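**Student:** Just passing along the structure, written as structure tokens.
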Amino acid sequence: MSSAACSLLTAAQMTQFKEEGYVVVDDVFSASDLQPVIDEVAAEVDRRSRELVAEGKLSRDYAELDFERRLAAISLETPEVARSIWNGTLAGPAFFHLITHPRLLDVAEQFCGPEIIASSVYRLRPKIPQHEYGAVPWHQDSGYMEPYCDKATVLTVWLPLVDANEENGCLWVLPKAHRGEVVPHHRRTNKPYLIIVDENLPDGQPKCVPVRKGGVLLLHNRTPHASFENKTNRVRWSMDLRYQSAALPTNAKITRLPNEDVADGKNGVPIACYPPEADFLVRSQARPNEVVTEPAVFHKLRKTHQSSGMTNRWAENVTER
Ligand SMILES: O=C(O)CCC(=O)C(=O)O
């Protein structure tokens, strides 16, 4: 892969995001930018698989297989390694350095302004071949957030660690639907993820969005998106990261500036756009001393954050689908 070409979006890319609610930016990262994250994840797969072998839950550790194949082979025997990675517990230095990568923050600044909060809602997703639970139904990221933040822009950066395409389950989007409201979402009994059921899905032609390793897909928080089955025999590894302006509700422990939202219990401002996980300041002109620069601080935040109350906005909506 060529080394990362440019960090800022062109005017045409900005227009596409504004009009369509998504845009792909190629070559944001070089292979060497992504390798430390891959190494950190591979080390965890190695550690967990050895543990399971020792516990008699896995026949062997499949150490001879590469990053894309090893977890696929393990998952034919047990879902435990994939599950333990999926649930957001990995928060090592390489993750921190990727989330705070200057080129990514340059991109985020174009949407969020100079005071940037990294929302701690980041996910590492190993989409396992032919596993139904790897599919993510249609949803808007705002469906998971506080209604107060529906009108804001919270940027999702979807970032594959391998080439992502239709066959291995890249994302699909509904272009232009971000211009409308957050539509009703349903919870499913005994299944993960919120879903927008067919009758609530905004009109439009779903679009498959392949992204090459090193590139990113940028999504608006009201852009409906989904991903379907991985039909290959390799894992489709990806991460999704989120950024917002510090002016929005945030549980980051930072000084508030005039005109920034503060949850004072009176004006309906929530404690954060997504209270269950910890936000942190990643770039700032106004309070540079409060920017989190140490991986250990990020790690501690991830491990010790106490979730506070969240609006149960879809409480009435339950479906069997
Ligand atoms: O990676 C996927 O398959 C789904 C990602 C997603 O839905 C999200 O980032 O909100």
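Labels used: A, B, ... for chains in the order of the structure tokens, numbers from 1 for residues in each chain, and numbers from 1 for ligands as shown.
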I'd like the contact shell of Leu104 of chain A - 12 Å cut-off, only C-alpha atoms, skipping same-chain residues fewer than 6 positions apart - returned as a tab-separated table (two decimals) with N, CA and C atoms, in the first residue's frame.
**Tutor:**
chain	number	residue	atom	x	y	z
A	4	ALA	N	0.21	6.91	3.37
A	4	ALA	CA	-1.01	7.71	3.40
A	4	ALA	C	-0.81	9.01	2.62
A	6	CYS	N	-3.18	11.88	1.81
A	6	CYS	CA	-3.58	13.17	2.35
A	6	CYS	C	-4.57	12.94	3.46
A	7	SER	N	-4.67	13.87	4.33
A	7	SER	CA	-5.54	13.67	5.47
A	7	SER	C	-6.86	14.39	5.31
A	8	LEU	N	-6.85	15.54	4.67
A	8	LEU	CA	-8.07	16.33	4.61
A	8	LEU	C	-8.93	15.90	3.44
A	9	LEU	N	-10.25	16.07	3.62
A	9	LEU	CA	-11.16	15.72	2.54
A	9	LEU	C	-11.19	16.84	1.51
A	25	VAL	N	-12.92	7.64	2.16
A	25	VAL	CA	-11.64	8.33	1.95
A	25	VAL	C	-10.56	7.25	1.91
A	27	ASP	N	-6.69	5.62	1.60
A	27	ASP	CA	-5.31	5.89	2.00
A	27	ASP	C	-5.16	6.91	3.13
A	28	VAL	N	-6.02	6.84	4.10
A	28	VAL	CA	-5.81	7.68	5.29
A	28	VAL	C	-4.65	7.11	6.10
A	29	PHE	N	-4.56	5.78	6.11
A	29	PHE	CA	-3.51	5.12	6.88
A	29	PHE	C	-2.59	4.31	5.97
A	33	ASP	N	0.79	2.16	9.85
A	33	ASP	CA	-0.09	2.79	10.85
A	33	ASP	C	-1.00	1.74	11.49
A	97	HIS	N	-3.37	5.00	20.03
A	97	HIS	CA	-2.63	5.77	19.03
A	97	HIS	C	-3.40	5.85	17.71
A	98	LEU	N	-4.18	4.84	17.40
A	98	LEU	CA	-4.97	4.91	16.16
A	98	LEU	C	-6.14	5.90	16.33
A	110	GLN	N	-12.67	18.48	10.46
A	110	GLN	CA	-13.47	19.06	9.37
A	110	GLN	C	-14.98	18.95	9.65
A	111	PHE	N	-15.36	18.01	10.50
A	111	PHE	CA	-16.78	17.83	10.80
A	111	PHE	C	-17.15	18.33	12.19
A	112	CYS	N	-16.21	18.24	13.12
A	112	CYS	CA	-16.53	18.51	14.53
A	112	CYS	C	-15.95	19.83	15.03
A	116	ILE	N	-12.25	18.50	19.89
A	116	ILE	CA	-12.74	17.17	19.49
A	116	ILE	C	-12.75	16.18	20.64
A	118	ALA	N	-13.26	12.22	21.45
A	118	ALA	CA	-13.41	10.86	20.92
A	118	ALA	C	-14.43	10.19	21.81
A	155	LEU	N	-19.53	11.94	14.17
A	155	LEU	CA	-18.90	11.30	13.02
A	155	LEU	C	-18.52	9.86	13.35
A	156	THR	N	-19.00	8.92	12.55
A	156	THR	CA	-18.52	7.55	12.67
A	156	THR	C	-17.44	7.31	11.63
A	157	VAL	N	-16.30	6.81	12.08
A	157	VAL	CA	-15.21	6.43	11.17
A	157	VAL	C	-15.17	4.91	11.18
A	158	TRP	N	-15.56	4.31	10.05
A	158	TRP	CA	-15.53	2.84	9.93
A	158	TRP	C	-14.26	2.48	9.18
A	159	LEU	N	-13.46	1.63	9.78
A	159	LEU	CA	-12.07	1.48	9.36
A	159	LEU	C	-11.71	0.00	9.26
A	214	GLY	N	-6.63	0.66	4.86
A	214	GLY	CA	-5.97	1.98	4.81
A	214	GLY	C	-6.96	3.09	4.59
A	215	GLY	N	-8.12	2.75	4.01
A	215	GLY	CA	-9.17	3.75	3.80
A	215	GLY	C	-10.15	3.77	4.96
A	216	VAL	N	-11.05	4.74	4.94
A	216	VAL	CA	-12.11	4.80	5.95
A	216	VAL	C	-13.43	5.15	5.28
A	217	LEU	N	-14.50	4.69	5.89
A	217	LEU	CA	-15.84	5.13	5.50
A	217	LEU	C	-16.32	6.06	6.59
A	218	LEU	N	-16.68	7.28	6.21
A	218	LEU	CA	-17.22	8.24	7.18
A	218	LEU	C	-18.73	8.23	7.08
A	241	LEU	N	-15.03	4.00	15.01
A	241	LEU	CA	-14.66	5.03	15.99
A	241	LEU	C	-15.63	6.20	15.84
A	242	ARG	N	-15.80	6.95	16.91
A	242	ARG	CA	-16.74	8.08	16.83
A	242	ARG	C	-16.16	9.35	17.43
A	243	TYR	N	-16.46	10.46	16.77
A	243	TYR	CA	-15.95	11.77	17.21
A	243	TYR	C	-17.09	12.77	17.23
A	282	VAL	N	-9.50	14.72	22.62
A	282	VAL	CA	-8.34	14.29	21.83
A	282	VAL	C	-7.65	15.42	21.08
A	283	ARG	N	-8.34	16.53	20.92
A	283	ARG	CA	-7.67	17.69	20.29
A	283	ARG	C	-8.38	18.95	20.80
**Student:** Quick one: residues within 12 Å of Leu76 of chain A, only C-alpha atoms counted, chain neighbours fewer than 4 positions away excluded, as a list in words?
**Tutor:**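 With the cut-off at 12 Å, the set is Leu58, Ser59, Arg60, Tyr62, Arg69, Arg70, Leu71, Ala72, Glu80, Val81, Ala82, Ile128, Pro129, Gln130, His131, Asn233, Arg234 and Val235 of chain A.
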**Student:** Kindly export the residues of the current selection with N, CA and C atoms, as a PDB file, in the first residue's frame.
**Tutor:**
ATOM      1  N   LEU A  58     -10.869 -25.928  23.382  1.00  0.00           N
ATOM      2  CA  LEU A  58     -10.440 -25.749  21.992  1.00  0.00           C
ATOM      3  C   LEU A  58      -9.391 -26.829  21.717  1.00  0.00           C
ATOM      4  N   SER A  59      -9.482 -27.492  20.533  1.00  0.00           N
ATOM      5  CA  SER A  59      -8.607 -28.649  20.296  1.00  0.00           C
ATOM      6  C   SER A  59      -7.150 -28.225  20.111  1.00  0.00           C
ATOM      7  N   ARG A  60      -6.929 -27.072  19.452  1.00  0.00           N
ATOM      8  CA  ARG A  60      -5.554 -26.573  19.269  1.00  0.00           C
ATOM      9  C   ARG A  60      -5.607 -25.074  19.028  1.00  0.00           C
ATOM     10  N   TYR A  62      -4.272 -23.124  16.559  1.00  0.00           N
ATOM     11  CA  TYR A  62      -4.254 -22.665  15.153  1.00  0.00           C
ATOM     12  C   TYR A  62      -3.209 -21.570  14.910  1.00  0.00           C
ATOM     13  N   ARG A  69      -7.211 -15.642   8.994  1.00  0.00           N
ATOM     14  CA  ARG A  69      -7.740 -17.018   9.013  1.00  0.00           C
ATOM     15  C   ARG A  69      -7.815 -17.634  10.410  1.00  0.00           C
ATOM     16  N   ARG A  70      -6.954 -17.168  11.334  1.00  0.00           N
ATOM     17  CA  ARG A  70      -6.841 -17.892  12.608  1.00  0.00           C
ATOM     18  C   ARG A  70      -8.161 -17.872  13.391  1.00  0.00           C
ATOM     19  N   LEU A  71      -8.743 -16.680  13.570  1.00  0.00           N
ATOM     20  CA  LEU A  71      -9.971 -16.611  14.359  1.00  0.00           C
ATOM     21  C   LEU A  71     -11.136 -17.293  13.633  1.00  0.00           C
ATOM     22  N   ALA A  72     -11.082 -17.307  12.278  1.00  0.00           N
ATOM     23  CA  ALA A  72     -12.121 -18.018  11.521  1.00  0.00           C
ATOM     24  C   ALA A  72     -12.072 -19.506  11.869  1.00  0.00           C
ATOM     25  N   GLU A  80     -16.121 -18.305  21.629  1.00  0.00           N
ATOM     26  CA  GLU A  80     -15.691 -17.555  22.819  1.00  0.00           C
ATOM     27  C   GLU A  80     -14.617 -16.505  22.553  1.00  0.00           C
ATOM     28  N   VAL A  81     -13.654 -16.844  21.685  1.00  0.00           N
ATOM     29  CA  VAL A  81     -12.566 -15.871  21.458  1.00  0.00           C
ATOM     30  C   VAL A  81     -13.130 -14.644  20.744  1.00  0.00           C
ATOM     31  N   ALA A  82     -13.921 -14.889  19.699  1.00  0.00           N
ATOM     32  CA  ALA A  82     -14.509 -13.759  18.966  1.00  0.00           C
ATOM     33  C   ALA A  82     -15.363 -12.913  19.898  1.00  0.00           C
ATOM     34  N   ILE A 128     -17.025 -12.859  11.588  1.00  0.00           N
ATOM     35  CA  ILE A 128     -16.617 -14.251  11.377  1.00  0.00           C
ATOM     36  C   ILE A 128     -17.380 -14.824  10.175  1.00  0.00           C
ATOM     37  N   PRO A 129     -16.703 -15.604   9.330  1.00  0.00           N
ATOM     38  CA  PRO A 129     -17.390 -16.197   8.179  1.00  0.00           C
ATOM     39  C   PRO A 129     -18.639 -16.972   8.569  1.00  0.00           C
ATOM     40  N   GLN A 130     -19.658 -16.748   7.789  1.00  0.00           N
ATOM     41  CA  GLN A 130     -20.896 -17.540   7.891  1.00  0.00           C
ATOM     42  C   GLN A 130     -21.480 -17.634   9.304  1.00  0.00           C
ATOM     43  N   HIS A 131     -21.225 -16.605  10.096  1.00  0.00           N
ATOM     44  CA  HIS A 131     -21.833 -16.596  11.428  1.00  0.00           C
ATOM     45  C   HIS A 131     -22.930 -15.564  11.431  1.00  0.00           C
ATOM     46  N   ASN A 233     -13.871 -17.383   3.776  1.00  0.00           N
ATOM     47  CA  ASN A 233     -13.388 -18.194   4.895  1.00  0.00           C
ATOM     48  C   ASN A 233     -12.366 -17.419   5.736  1.00  0.00           C
ATOM     49  N   ARG A 234     -12.421 -16.070   5.626  1.00  0.00           N
ATOM     50  CA  ARG A 234     -11.509 -15.211   6.399  1.00  0.00           C
ATOM     51  C   ARG A 234     -12.321 -14.223   7.227  1.00  0.00           C
ATOM     52  N   VAL A 235     -11.694 -13.719   8.278  1.00  0.00           N
ATOM     53  CA  VAL A 235     -12.398 -12.752   9.133  1.00  0.00           C
ATOM     54  C   VAL A 235     -12.332 -11.366   8.490  1.00  0.00           C
TER      55      VAL A 235
END
**Student:** List as a PyMOL selection string the protein and nucleic acid residues near segment 303-316 of chain A, meaning an atom at most 10 Å away when only C-alpha atoms are counted, but skip any in the same chain fewer than 3 places from it.
**Tutor:** chain A and resi 89-91+143-148+184-187+194+251+270-279+297-300+319
**Student:** Would you tabulate, counting only C-alpha atoms and all ligand atoms, all residues of chain A that have an atom at most 9 Å from an atom of ligand 1, showing the closest pair of atoms and their distance in Å to one decimal, sorted by chain then ascending number, as CSV?
**Tutor:**
residue,atom,partner,partner_atom_place_in_ligand_line,distance
A:Tyr122,CA,ligand 1,9 (O),8.3
A:Arg123,CA,ligand 1,9 (O),7.4
A:Leu124,CA,ligand 1,1 (O),8.2
A:Arg125,CA,ligand 1,1 (O),5.9
A:Pro126,CA,ligand 1,1 (O),8.2
A:Lys127,CA,ligand 1,3 (O),6.8
A:Gly134,CA,ligand 1,3 (O),6.9
A:Ala135,CA,ligand 1,3 (O),6.3
A:Val136,CA,ligand 1,4 (C),5.5
A:Pro137,CA,ligand 1,7 (O),7.6
A:Trp138,CA,ligand 1,7 (O),7.8
A:His139,CA,ligand 1,7 (O),7.2
A:Gln140,CA,ligand 1,10 (O),7.3
A:Asp141,CA,ligand 1,10 (O),5.6
A:Thr156,CA,ligand 1,9 (O),6.8
A:Val157,CA,ligand 1,9 (O),7.6
A:Trp158,CA,ligand 1,9 (O),5.9
A:Leu159,CA,ligand 1,1 (O),8.5
A:Pro160,CA,ligand 1,1 (O),8.3
A:Gly169,CA,ligand 1,3 (O),6.8
A:Cys170,CA,ligand 1,3 (O),6.5
A:Leu171,CA,ligand 1,3 (O),6.0
A:Tyr193,CA,ligand 1,7 (O),8.8
A:Leu219,CA,ligand 1,9 (O),8.6
A:Asn221,CA,ligand 1,10 (O),8.7
A:Pro224,CA,ligand 1,7 (O),8.9
A:His225,CA,ligand 1,7 (O),6.3
A:Ala226,CA,ligand 1,7 (O),5.7
A:Ser227,CA,ligand 1,3 (O),4.7
A:Phe228,CA,ligand 1,3 (O),7.2
A:Glu229,CA,ligand 1,3 (O),9.0
A:Arg236,CA,ligand 1,3 (O),8.6
A:Trp237,CA,ligand 1,1 (O),8.2
A:Ser238,CA,ligand 1,1 (O),6.1
A:Met239,CA,ligand 1,1 (O),6.9
A:Asp240,CA,ligand 1,9 (O),4.8
A:Leu241,CA,ligand 1,9 (O),7.5
A:Arg242,CA,ligand 1,9 (O),8.8
**Student:** Output N, CA and C atoms of each residue in that selection to a file, as a JSON list (two decimals), in the first residue's frame.
**Tutor:**
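What landed in result.json:
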[["chain", "number", "residue", "atom", "x", "y", "z"],
["A", 122, "TYR", "N", -16.09, 2.94, 20.74],
["A", 122, "TYR", "CA", -15.39, 2.38, 19.59],
["A", 122, "TYR", "C", -15.52, 0.88, 19.67],
["A", 123, "ARG", "N", -15.52, 0.26, 18.54],
["A", 123, "ARG", "CA", -15.68, -1.18, 18.50],
["A", 123, "ARG", "C", -14.65, -1.80, 17.58],
["A", 124, "LEU", "N", -14.18, -2.96, 18.00],
["A", 124, "LEU", "CA", -13.37, -3.80, 17.12],
["A", 124, "LEU", "C", -14.29, -4.94, 16.69],
["A", 125, "ARG", "N", -14.44, -5.13, 15.40],
["A", 125, "ARG", "CA", -15.41, -6.14, 14.95],
["A", 125, "ARG", "C", -14.75, -7.21, 14.09],
["A", 126, "PRO", "N", -14.62, -8.39, 14.66],
["A", 126, "PRO", "CA", -14.21, -9.52, 13.82],
["A", 126, "PRO", "C", -15.48, -10.13, 13.23],
["A", 127, "LYS", "N", -15.74, -9.86, 11.96],
["A", 127, "LYS", "CA", -16.94, -10.48, 11.34],
["A", 127, "LYS", "C", -16.53, -11.87, 10.86],
["A", 134, "GLY", "N", -22.67, -12.16, 13.13],
["A", 134, "GLY", "CA", -21.80, -11.10, 12.60],
["A", 134, "GLY", "C", -22.57, -10.07, 11.81],
["A", 135, "ALA", "N", -23.77, -10.40, 11.37],
["A", 135, "ALA", "CA", -24.56, -9.45, 10.58],
["A", 135, "ALA", "C", -25.14, -8.38, 11.50],
["A", 136, "VAL", "N", -25.08, -7.14, 11.03],
["A", 136, "VAL", "CA", -25.61, -6.02, 11.82],
["A", 136, "VAL", "C", -26.78, -5.43, 11.04],
["A", 137, "PRO", "N", -27.99, -5.45, 11.63],
["A", 137, "PRO", "CA", -29.16, -5.01, 10.87],
["A", 137, "PRO", "C", -29.17, -3.49, 10.65],
["A", 138, "TRP", "N", -30.07, -3.04, 9.80],
["A", 138, "TRP", "CA", -30.18, -1.61, 9.51],
["A", 138, "TRP", "C", -30.41, -0.82, 10.80],
["A", 139, "HIS", "N", -29.63, 0.22, 10.97],
["A", 139, "HIS", "CA", -29.80, 1.11, 12.13],
["A", 139, "HIS", "C", -29.14, 2.43, 11.81],
["A", 140, "GLN", "N", -29.49, 3.45, 12.58],
["A", 140, "GLN", "CA", -28.74, 4.71, 12.58],
["A", 140, "GLN", "C", -27.96, 4.73, 13.89],
["A", 141, "ASP", "N", -26.73, 5.20, 13.89],
["A", 141, "ASP", "CA", -25.98, 5.22, 15.15],
["A", 141, "ASP", "C", -26.72, 6.06, 16.19],
["A", 156, "THR", "N", -19.00, 8.92, 12.55],
["A", 156, "THR", "CA", -18.52, 7.55, 12.67],
["A", 156, "THR", "C", -17.44, 7.31, 11.63],
["A", 157, "VAL", "N", -16.30, 6.81, 12.08],
["A", 157, "VAL", "CA", -15.21, 6.43, 11.17],
["A", 157, "VAL", "C", -15.17, 4.91, 11.18],
["A", 158, "TRP", "N", -15.56, 4.31, 10.05],
["A", 158, "TRP", "CA", -15.53, 2.84, 9.93],
["A", 158, "TRP", "C", -14.26, 2.48, 9.18],
["A", 159, "LEU", "N", -13.46, 1.63, 9.78],
["A", 159, "LEU", "CA", -12.07, 1.48, 9.36],
["A", 159, "LEU", "C", -11.71, 0.00, 9.26],
["A", 160, "PRO", "N", -11.63, -0.55, 8.06],
["A", 160, "PRO", "CA", -11.31, -1.98, 7.96],
["A", 160, "PRO", "C", -9.82, -2.24, 8.17],
["A", 169, "GLY", "N", -18.55, -8.88, 3.63],
["A", 169, "GLY", "CA", -19.50, -8.21, 4.52],
["A", 169, "GLY", "C", -19.14, -6.78, 4.86],
["A", 170, "CYS", "N", -18.82, -5.98, 3.84],
["A", 170, "CYS", "CA", -18.58, -4.54, 4.09],
["A", 170, "CYS", "C", -19.92, -3.88, 4.43],
["A", 171, "LEU", "N", -19.90, -2.59, 4.71],
["A", 171, "LEU", "CA", -21.14, -1.92, 5.08],
["A", 171, "LEU", "C", -21.98, -1.59, 3.85],
["A", 193, "TYR", "N", -28.19, -5.98, 18.96],
["A", 193, "TYR", "CA", -28.37, -4.86, 18.02],
["A", 193, "TYR", "C", -29.83, -4.40, 17.88],
["A", 219, "LEU", "N", -19.38, 8.16, 8.23],
["A", 219, "LEU", "CA", -20.85, 8.10, 8.27],
["A", 219, "LEU", "C", -21.38, 9.19, 9.18],
["A", 221, "ASN", "N", -24.29, 10.31, 11.86],
["A", 221, "ASN", "CA", -25.01, 9.52, 12.88],
["A", 221, "ASN", "C", -26.45, 9.20, 12.50],
["A", 224, "PRO", "N", -28.62, 5.54, 7.86],
["A", 224, "PRO", "CA", -28.89, 4.12, 8.11],
["A", 224, "PRO", "C", -27.82, 3.26, 7.44],
["A", 225, "HIS", "N", -27.35, 2.26, 8.16],
["A", 225, "HIS", "CA", -26.36, 1.35, 7.60],
["A", 225, "HIS", "C", -26.53, -0.04, 8.20],
["A", 226, "ALA", "N", -25.97, -1.01, 7.50],
["A", 226, "ALA", "CA", -26.10, -2.41, 7.91],
["A", 226, "ALA", "C", -24.92, -3.16, 7.33],
["A", 227, "SER", "N", -24.68, -4.37, 7.84],
["A", 227, "SER", "CA", -23.72, -5.24, 7.16],
["A", 227, "SER", "C", -24.23, -6.66, 7.24],
["A", 228, "PHE", "N", -23.95, -7.42, 6.21],
["A", 228, "PHE", "CA", -24.54, -8.75, 6.09],
["A", 228, "PHE", "C", -23.46, -9.82, 6.23],
["A", 229, "GLU", "N", -23.85, -11.04, 5.88],
["A", 229, "GLU", "CA", -23.00, -12.20, 6.15],
["A", 229, "GLU", "C", -21.63, -12.12, 5.45],
["A", 236, "ARG", "N", -13.46, -10.69, 8.46],
["A", 236, "ARG", "CA", -13.47, -9.28, 8.04],
["A", 236, "ARG", "C", -13.28, -8.43, 9.30],
["A", 237, "TRP", "N", -12.02, -8.07, 9.54],
["A", 237, "TRP", "CA", -11.71, -7.28, 10.74],
["A", 237, "TRP", "C", -11.96, -5.80, 10.46],
["A", 238, "SER", "N", -12.62, -5.14, 11.39],
["A", 238, "SER", "CA", -12.79, -3.69, 11.24],
["A", 238, "SER", "C", -12.92, -3.04, 12.61],
["A", 239, "MET", "N", -12.76, -1.72, 12.61],
["A", 239, "MET", "CA", -13.04, -0.94, 13.82],
["A", 239, "MET", "C", -14.01, 0.16, 13.45],
["A", 240, "ASP", "N", -14.81, 0.59, 14.41],
["A", 240, "ASP", "CA", -15.58, 1.81, 14.19],
["A", 240, "ASP", "C", -15.35, 2.75, 15.36],
["A", 241, "LEU", "N", -15.03, 4.00, 15.01],
["A", 241, "LEU", "CA", -14.66, 5.03, 15.99],
["A", 241, "LEU", "C", -15.63, 6.20, 15.84],
["A", 242, "ARG", "N", -15.80, 6.95, 16.91],
["A", 242, "ARG", "CA", -16.74, 8.08, 16.83],
["A", 242, "ARG", "C", -16.16, 9.35, 17.43]]
**Student:** When you draw a straight line from atom CA of Asn267 of chain A to atom CA of Asp150 of chain A, how long is it in Å?
**Tutor:**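 Interatomic distance, atom CA of Asn267 of chain A to atom CA of Asp150 of chain A: 16.0 Å.
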**Student:** Let me make sure I understand: among A:Gly204, A:Pro258, A:Pro102, A:Gly180, which one has the smallest atom-to-atom distance to Ala246 of chain A if we use only C-alpha atoms?
**Tutor:** A:Pro258
**Student:** Choose the residue, out of A:Thr223, A:Asn230, A:Ser75, A:Ser245, that has the smallest atom-to-atom separation from Lys176 of chain A; count only C-alpha atoms.
**Tutor:**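 For Lys176 of chain A, the nearest of the given residues is A:Thr223.
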**Student:** Where does segment 84-198 of chain A meet segment 206-212 of chain A within 8 Å, residue by residue, with the nearest atom pair and distance in Å to one decimal for each, counting only C-alpha atoms, listed by chain and rising number, as a tab-separated table?
**Tutor:**
residue	atom	partner	partner_atom	distance
A:Pro160	CA	A:Val211	CA	7.1
A:Val162	CA	A:Arg212	CA	7.0
A:Asp163	CA	A:Arg212	CA	4.3
A:Ala164	CA	A:Val211	CA	5.3
A:Asn165	CA	A:Pro210	CA	4.4
A:Glu166	CA	A:Pro210	CA	6.5
A:Cys170	CA	A:Pro210	CA	5.8
A:Leu171	CA	A:Val209	CA	5.7
A:Trp172	CA	A:Cys208	CA	4.4
A:Val173	CA	A:Lys207	CA	5.3
A:Leu174	CA	A:Pro206	CA	4.7
A:Pro175	CA	A:Pro206	CA	7.0
